[in-house]
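Undergrad: Questions regarding the structure given below will be posed in turn.
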Amino acid sequence: MKNKFTYSEISVENAMVQLDQFGWISYENALEPEFVDQINNSLEKAYEKRREIQESNGISQNMEGTLHHLIESDNFALQFLDRLYCDKEMKAFLGGNYIVNAFGGVMNSKDNRPYVQNIHRDVRSFMGRDKTMIQMMVLLDDFTLENGATYMLSGSHQIAIKPDEDYFYENADRAIAKKGSIILFDSNLWHAAGKNTTDGNRRVLTISYTKPQFKQQFDYPRFLGYEFGESLSEGLRQILGYKSRVPATLDEYYQPLNKRMYQPDQG
């Protein structure tokens with residue numbers, strides 16, 4: 001694969017060239033094996049909780065193996081975010097500070113046909129050269145042709161129209177990479193999860209980051225609690241959106257600069 005590198009092996013400037021040309025870049029050896037195992041060990045329980053809600057609300061079809069909004073106060077997610085993986089790359093891509101828009105995962109198994117196997121991009125409107133969102137895939141298992149390595153249509157982040165299905169599958173690259181790798185890609189890139197034909201699982205975290213002025217898919221600061229946010233590092237407060245909140249009362253709005261819910265360095 002022409003755009004695969006060992007984590008921290010490539011400069012931020014060259015990474016931006018790769019993202020501009022291909023729309024995606026792969027970093028191997030980004031996460032320690034022990035941390036990957038820690039994440040994997042928590043996914044089944046997290047999935048059971050979400051699957052029960054999907055089924056009770058009548059939206060379980062084509063949602064098999066999907067886990068949305070995994071950030072909780074007592075699981076691996078805060079530890080992951082606090083490590084600031086690819087922080088310099090995302091700041092360069094987005095032009096400054098950023099926040100997490102959504103933090104989820106997929107467990108792609110043999111009999112599942114989740115919606116992520118459809119050809120799609122992760123932002124509804126084509127943004128062209130205006131960079132507003134970037135995606136991160138964290139590989140929790142080896143990605144192979146047999147277990148459904150993601151199809152990535154290199155260069156398609158520059159194309160507004162959804163590609164023809166035959167063209168897509170004939171020309172797309174496959175994100176073949178080792179467990180513990182991180183793949184960054186432009187949210188405009190057309191891609192699709194592959195079908196898993198093995199008896200094993202193929203697990204991945206799927207995370208999107210945006211400029212701070214964009215609305216999060218889930219109100220993480222309100223979910224975790226404003227008081228809980230006071231105990232977090234400045235880096236975590238930034239990424240979780242504690243510095244780009246929307247005031248809900250006049251008292252929250254009329255505050256000194258350092259106490260404002262939307263801080264002035266958020267763009």
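So you can find residues: chains in the structure tokens are A, B, ... in the order shown, residues in each start at 1, and ligands are numbered from 1 in order.
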DSSP on the backbone: what in segment 38-237 of chain A comes out alpha helix (DSSP H), as a PyMOL selection string?
TA: chain A and resi 38-56+76-82+87-94+165-171+220-224+226-229+234-237
Undergrad: List as a list in words the protein and nucleic acid residues near Phe103 of chain A, meaning an atom at most 8 Å away when only C-alpha atoms are counted, but skip any in the same chain fewer than 6 places from it.
TA: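 Neighbouring residues, sequence-local ones excluded: His68, His69, Leu70, Ile71, Leu205, Thr206, Ile207 and Ser208 of chain A.
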Undergrad: Atoms to include: C-alpha atoms. Write the selected residues as a PDB file, in the first residue's frame.
TA:
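Contents of out_35.pdb, as written:
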```pdb
ATOM      1  CA  HIS A  68     -22.259   4.293  18.670  1.00  0.00           C
ATOM      2  CA  HIS A  69     -20.998   6.832  21.215  1.00  0.00           C
ATOM      3  CA  LEU A  70     -18.600   4.755  23.275  1.00  0.00           C
ATOM      4  CA  ILE A  71     -17.319   7.644  25.403  1.00  0.00           C
ATOM      5  CA  LEU A 205     -13.046   2.058  16.353  1.00  0.00           C
ATOM      6  CA  THR A 206     -14.574   4.699  14.095  1.00  0.00           C
ATOM      7  CA  ILE A 207     -14.028   8.269  15.261  1.00  0.00           C
ATOM      8  CA  SER A 208     -14.783  11.587  13.606  1.00  0.00           C
TER       9      SER A 208
END
```
Undergrad: Hey, what's within 8 Å of segment 51-66 of chain A if we count only C-alpha atoms and toss same-chain stuff fewer than 2 positions away? As an mmCIF file with all heavy atoms, in the first residue's frame, please?
TA:
```cif
data_model
loop_
_atom_site.group_PDB
_atom_site.id
_atom_site.type_symbol
_atom_site.label_atom_id
_atom_site.label_comp_id
_atom_site.auth_asym_id
_atom_site.auth_seq_id
_atom_site.Cartn_x
_atom_site.Cartn_y
_atom_site.Cartn_z
ATOM 1 N N TYR A 47 -21.552 -3.467 23.323
ATOM 2 C CA TYR A 47 -22.443 -3.787 22.201
ATOM 3 C C TYR A 47 -23.791 -4.305 22.695
ATOM 4 O O TYR A 47 -24.848 -3.911 22.175
ATOM 5 C CB TYR A 47 -21.788 -4.827 21.290
ATOM 6 C CG TYR A 47 -22.680 -5.243 20.138
ATOM 7 C CD1 TYR A 47 -23.084 -4.319 19.172
ATOM 8 C CD2 TYR A 47 -23.146 -6.559 20.033
ATOM 9 C CE1 TYR A 47 -23.907 -4.693 18.131
ATOM 10 C CE2 TYR A 47 -23.964 -6.940 18.986
ATOM 11 C CZ TYR A 47 -24.343 -6.001 18.039
ATOM 12 O OH TYR A 47 -25.166 -6.370 17.002
ATOM 13 N N GLU A 48 -23.787 -5.167 23.693
ATOM 14 C CA GLU A 48 -25.034 -5.701 24.232
ATOM 15 C C GLU A 48 -25.948 -4.574 24.722
ATOM 16 O O GLU A 48 -27.163 -4.597 24.493
ATOM 17 C CB GLU A 48 -24.736 -6.667 25.377
ATOM 18 C CG GLU A 48 -24.102 -7.979 24.923
ATOM 19 C CD GLU A 48 -23.644 -8.843 26.094
ATOM 20 O OE1 GLU A 48 -23.924 -8.449 27.255
ATOM 21 O OE2 GLU A 48 -23.024 -9.894 25.862
ATOM 22 N N LYS A 49 -25.363 -3.597 25.388
ATOM 23 C CA LYS A 49 -26.135 -2.452 25.890
ATOM 24 C C LYS A 49 -26.771 -1.673 24.738
ATOM 25 O O LYS A 49 -27.967 -1.345 24.776
ATOM 26 C CB LYS A 49 -25.202 -1.540 26.701
ATOM 27 C CG LYS A 49 -25.823 -0.246 27.184
ATOM 28 C CD LYS A 49 -24.785 0.576 27.950
ATOM 29 C CE LYS A 49 -25.346 1.920 28.402
ATOM 30 N NZ LYS A 49 -24.323 2.712 29.143
ATOM 31 N N HIS A 68 -22.337 2.836 18.773
ATOM 32 C CA HIS A 68 -22.259 4.293 18.670
ATOM 33 C C HIS A 68 -21.988 4.909 20.047
ATOM 34 O O HIS A 68 -22.461 4.431 21.063
ATOM 35 C CB HIS A 68 -23.564 4.844 18.096
ATOM 36 C CG HIS A 68 -23.883 4.326 16.727
ATOM 37 N ND1 HIS A 68 -24.541 3.137 16.522
ATOM 38 C CD2 HIS A 68 -23.593 4.818 15.502
ATOM 39 C CE1 HIS A 68 -24.678 2.917 15.220
ATOM 40 N NE2 HIS A 68 -24.110 3.922 14.580
ATOM 41 N N GLY A 104 -17.332 5.870 17.895
ATOM 42 C CA GLY A 104 -18.038 4.598 17.858
ATOM 43 C C GLY A 104 -17.141 3.452 17.449
ATOM 44 O O GLY A 104 -15.910 3.538 17.521
ATOM 45 N N GLY A 105 -17.750 2.373 17.028
ATOM 46 C CA GLY A 105 -16.997 1.201 16.612
ATOM 47 C C GLY A 105 -17.853 0.265 15.788
ATOM 48 O O GLY A 105 -19.081 0.412 15.709
ATOM 49 N N VAL A 106 -17.193 -0.692 15.163
ATOM 50 C CA VAL A 106 -17.883 -1.711 14.367
ATOM 51 C C VAL A 106 -17.239 -3.061 14.656
ATOM 52 O O VAL A 106 -16.008 -3.174 14.674
ATOM 53 C CB VAL A 106 -17.803 -1.422 12.848
ATOM 54 C CG1 VAL A 106 -18.451 -2.552 12.058
ATOM 55 C CG2 VAL A 106 -18.457 -0.087 12.510
ATOM 56 N N MET A 107 -18.073 -4.063 14.890
ATOM 57 C CA MET A 107 -17.608 -5.439 14.987
ATOM 58 C C MET A 107 -18.176 -6.176 13.777
ATOM 59 O O MET A 107 -19.361 -6.525 13.748
ATOM 60 C CB MET A 107 -18.063 -6.076 16.303
ATOM 61 C CG MET A 107 -17.508 -5.369 17.527
ATOM 62 S SD MET A 107 -17.721 -6.307 19.078
ATOM 63 C CE MET A 107 -19.501 -6.416 19.162
ATOM 64 N N ASN A 108 -17.335 -6.360 12.765
ATOM 65 C CA ASN A 108 -17.771 -6.905 11.480
ATOM 66 C C ASN A 108 -17.579 -8.418 11.489
ATOM 67 O O ASN A 108 -16.462 -8.909 11.413
ATOM 68 C CB ASN A 108 -16.951 -6.266 10.356
ATOM 69 C CG ASN A 108 -17.464 -6.605 8.972
ATOM 70 O OD1 ASN A 108 -18.458 -7.301 8.814
ATOM 71 N ND2 ASN A 108 -16.777 -6.103 7.958
ATOM 72 N N SER A 109 -18.662 -9.166 11.599
ATOM 73 C CA SER A 109 -18.571 -10.624 11.617
ATOM 74 C C SER A 109 -19.237 -11.216 10.380
ATOM 75 O O SER A 109 -19.872 -10.502 9.585
ATOM 76 C CB SER A 109 -19.188 -11.198 12.894
ATOM 77 O OG SER A 109 -20.549 -10.864 12.988
ATOM 78 N N ASN A 112 -23.068 -10.607 9.504
ATOM 79 C CA ASN A 112 -23.597 -9.249 9.627
ATOM 80 C C ASN A 112 -23.574 -8.511 8.286
ATOM 81 O O ASN A 112 -22.656 -8.687 7.486
ATOM 82 C CB ASN A 112 -22.791 -8.447 10.645
ATOM 83 C CG ASN A 112 -23.048 -8.903 12.075
ATOM 84 O OD1 ASN A 112 -23.940 -9.707 12.325
ATOM 85 N ND2 ASN A 112 -22.271 -8.392 13.007
ATOM 86 N N ARG A 113 -24.577 -7.680 8.067
ATOM 87 C CA ARG A 113 -24.629 -6.825 6.882
ATOM 88 C C ARG A 113 -24.995 -5.398 7.301
ATOM 89 O O ARG A 113 -26.034 -4.870 6.935
ATOM 90 C CB ARG A 113 -25.658 -7.363 5.870
ATOM 91 C CG ARG A 113 -25.308 -8.713 5.277
ATOM 92 C CD ARG A 113 -24.081 -8.632 4.374
ATOM 93 N NE ARG A 113 -23.740 -9.923 3.790
ATOM 94 C CZ ARG A 113 -22.903 -10.806 4.312
ATOM 95 N NH1 ARG A 113 -22.307 -10.530 5.469
ATOM 96 N NH2 ARG A 113 -22.646 -11.939 3.715
ATOM 97 N N PRO A 114 -24.133 -4.753 8.111
ATOM 98 C CA PRO A 114 -24.455 -3.412 8.606
ATOM 99 C C PRO A 114 -24.385 -2.372 7.490
ATOM 100 O O PRO A 114 -23.798 -2.593 6.430
ATOM 101 C CB PRO A 114 -23.372 -3.163 9.657
ATOM 102 C CG PRO A 114 -22.209 -3.990 9.188
ATOM 103 C CD PRO A 114 -22.813 -5.219 8.570
ATOM 104 N N TYR A 115 -24.989 -1.224 7.753
ATOM 105 C CA TYR A 115 -25.050 -0.159 6.757
ATOM 106 C C TYR A 115 -23.672 0.344 6.336
ATOM 107 O O TYR A 115 -23.525 0.904 5.250
ATOM 108 C CB TYR A 115 -25.878 1.011 7.299
ATOM 109 C CG TYR A 115 -25.286 1.696 8.500
ATOM 110 C CD1 TYR A 115 -24.394 2.752 8.354
ATOM 111 C CD2 TYR A 115 -25.610 1.301 9.794
ATOM 112 C CE1 TYR A 115 -23.838 3.384 9.452
ATOM 113 C CE2 TYR A 115 -25.064 1.926 10.897
ATOM 114 C CZ TYR A 115 -24.187 2.961 10.721
ATOM 115 O OH TYR A 115 -23.629 3.584 11.812
#
```
Undergrad: As an MDAnalysis selection string, please: every residue in segment 13-243 of chain A that a backbone DSSP assignment puts in strand (DSSP E or B).
TA: chainID A and resid 24:28 66:67 99:108 120 133:139 143 151:152 173:174 177 182:186 191:192 202:210
Undergrad: Could you work out how far atom CA of Lys91 of chain A lies from atom CA of Glu28 of chain A, giving the answer in Å with one decimal?
TA: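 Rounded to one decimal, the two atoms are 20.2 Å apart.
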Undergrad: Restricting the calculation to only C-alpha atoms, which member of A:Ala92, A:Ala77, A:Val246, A:Ala193 is positioned closest to Ser11 of chain A?
TA: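 Ranked by minimum distance to Ser11 of chain A, first place goes to A:Ala92.
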Undergrad: Segment 128-138 of chain A: which residues within 9 Å, counting only C-alpha atoms, same-chain residues fewer than 2 positions away excluded, as a VMD selection string?
TA: chain A and resid 30 to 31 90 93 to 95 101 105 122 to 123 126 140 157 to 160 179 to 188 203 to 211 214
Undergrad: Do you have the atom CA of Thr6 of chain A-atom CA of Ser154 of chain A distance handy?
TA: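 Interatomic distance here is 19.7 Å.
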Undergrad: Find the residues around Arg260 of chain A up to 9 Å (only C-alpha atoms counted), leave out those fewer than 3 positions away in its own chain, and share them as an MDAnalysis selection string.
TA: chainID A and resid 243:245 247 252:257 263:264
Undergrad: Distance atom CA of Gln216 of chain A-atom CA of Glu89 of chain A, one decimal place?
TA: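 Answer for the atom CA of Gln216 of chain A to atom CA of Glu89 of chain A separation: 20.4 Å.
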Undergrad: Excluding Asn75 of chain A and residues on its chain fewer than 3 positions from it, collect all residues at most 12 Å away from it, counting only C-alpha atoms, and give them as a ChimeraX atom specification.
TA: /A:35,38-43,45-46,69-72,78-81
Undergrad: For the selection you just gave me, I'd like the residues written to a file as a tab-separated table (two decimals), in the first residue's frame, keeping N, CA and C atoms.
TA:
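Below is the file selection.tsv, written as the result:
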```tsv
chain	number	residue	atom	x	y	z
A	35	PHE	N	-3.06	-2.20	25.08
A	35	PHE	CA	-4.17	-1.26	25.04
A	35	PHE	C	-5.25	-1.74	24.07
A	38	GLN	N	-7.22	-4.28	25.85
A	38	GLN	CA	-8.11	-3.64	26.83
A	38	GLN	C	-9.38	-3.14	26.15
A	39	ILE	N	-9.23	-2.52	25.00
A	39	ILE	CA	-10.39	-2.02	24.26
A	39	ILE	C	-11.28	-3.18	23.82
A	40	ASN	N	-10.67	-4.20	23.23
A	40	ASN	CA	-11.45	-5.34	22.74
A	40	ASN	C	-12.23	-6.03	23.86
A	41	ASN	N	-11.63	-6.11	25.02
A	41	ASN	CA	-12.28	-6.79	26.15
A	41	ASN	C	-13.53	-6.08	26.63
A	42	SER	N	-13.69	-4.82	26.27
A	42	SER	CA	-14.86	-4.06	26.74
A	42	SER	C	-15.96	-3.94	25.69
A	43	LEU	N	-15.69	-4.37	24.45
A	43	LEU	CA	-16.64	-4.11	23.37
A	43	LEU	C	-17.90	-4.96	23.45
A	45	LYS	N	-19.65	-6.17	25.98
A	45	LYS	CA	-20.61	-5.63	26.94
A	45	LYS	C	-21.21	-4.32	26.43
A	46	ALA	N	-20.36	-3.48	25.82
A	46	ALA	CA	-20.84	-2.21	25.28
A	46	ALA	C	-21.83	-2.45	24.14
A	69	HIS	N	-21.23	5.99	20.03
A	69	HIS	CA	-21.00	6.83	21.21
A	69	HIS	C	-20.49	6.02	22.40
A	70	LEU	N	-19.25	5.60	22.27
A	70	LEU	CA	-18.60	4.75	23.27
A	70	LEU	C	-17.95	5.54	24.41
A	71	ILE	N	-17.96	6.86	24.35
A	71	ILE	CA	-17.32	7.64	25.40
A	71	ILE	C	-18.15	7.58	26.68
A	72	GLU	N	-17.56	7.00	27.72
A	72	GLU	CA	-18.16	6.94	29.04
A	72	GLU	C	-17.09	7.27	30.07
A	78	LEU	N	-11.82	7.68	27.30
A	78	LEU	CA	-11.14	8.89	27.77
A	78	LEU	C	-9.63	8.68	27.76
A	79	GLN	N	-9.19	7.48	28.12
A	79	GLN	CA	-7.75	7.17	28.06
A	79	GLN	C	-7.25	7.27	26.63
A	80	PHE	N	-8.03	6.78	25.69
A	80	PHE	CA	-7.64	6.85	24.28
A	80	PHE	C	-7.52	8.31	23.84
A	81	LEU	N	-8.53	9.11	24.11
A	81	LEU	CA	-8.53	10.50	23.67
A	81	LEU	C	-7.42	11.30	24.33
```
Undergrad: Need the shell around Ile176 of chain A: protein/DNA/RNA residues with any atom at most 9 Å away, counting only C-alpha atoms. Skip same-chain ones fewer than 3 positions apart. Format as an NGL selection string?
TA: :A and (1 or 142-145 or 149-150 or 173)
